[in-house]
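A short write-up of the structure that comes next.
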Amino acid sequence: MEATVGNNKPRFIDFLDPHESNEFWIRLQQVFDNSNHSLESLSKQIGIPRRTLVRFLSKQTHSDVVRMIYDISFACG
């Protein structure tokens, strides 16, 4: 399964990262793809620069934090 950002270019493939947190990224991309938002409208609504949103949605930033959240949650039951 490929997820896309922007011009429908694949940014990550779920099979490359077997960690459970990858499901979060796939679902987040699905939610964004099925919303009425553009990158511009979403970045404006949540108050972050478009570039930051693009990097986040494409797993270029903060993927380590999401992975750590999953690991902590799993470890704590």
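Convention: chains lettered A, B, ... in structure tokens order; per-chain residue numbering from 1; ligands numbered from 1 as shown.
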Any idea what's packed within 10 Å of Leu39 (chain A), counting only C-alpha atoms, ignoring anything in its chain fewer than 5 positions away? Could you give it as a count of residues only?
11
note - CA of Asn36 (chain A) and CA of Ile48 (chain A) are separated by 17.8 Å
*Polymer residues at most 9 Å from Ser63 (chain A), only C-alpha atoms, same-chain spacing of 3 or more positions, as a PyMOL selection string*: chain A and resi 21-22+25+56+59-60+66-68
CA of Phe24 (chain A) to CA of Tyr70 (chain A): how many Å, to one decimal?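 Those two atoms sit 9.5 Å apart.
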Exercise for the section: Would you mind reading off the distance between CA of Gln30 (chain A) and CA of Arg55 (chain A), one decimal, in Å? Expected result: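 For CA of Gln30 (chain A) relative to CA of Arg55 (chain A), the distance reads 16.1 Å.
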Which of region 14-52 of chain A fall in alpha helix (DSSP H), as a PyMOL selection string: chain A and resi 21-33+39-46+50-52
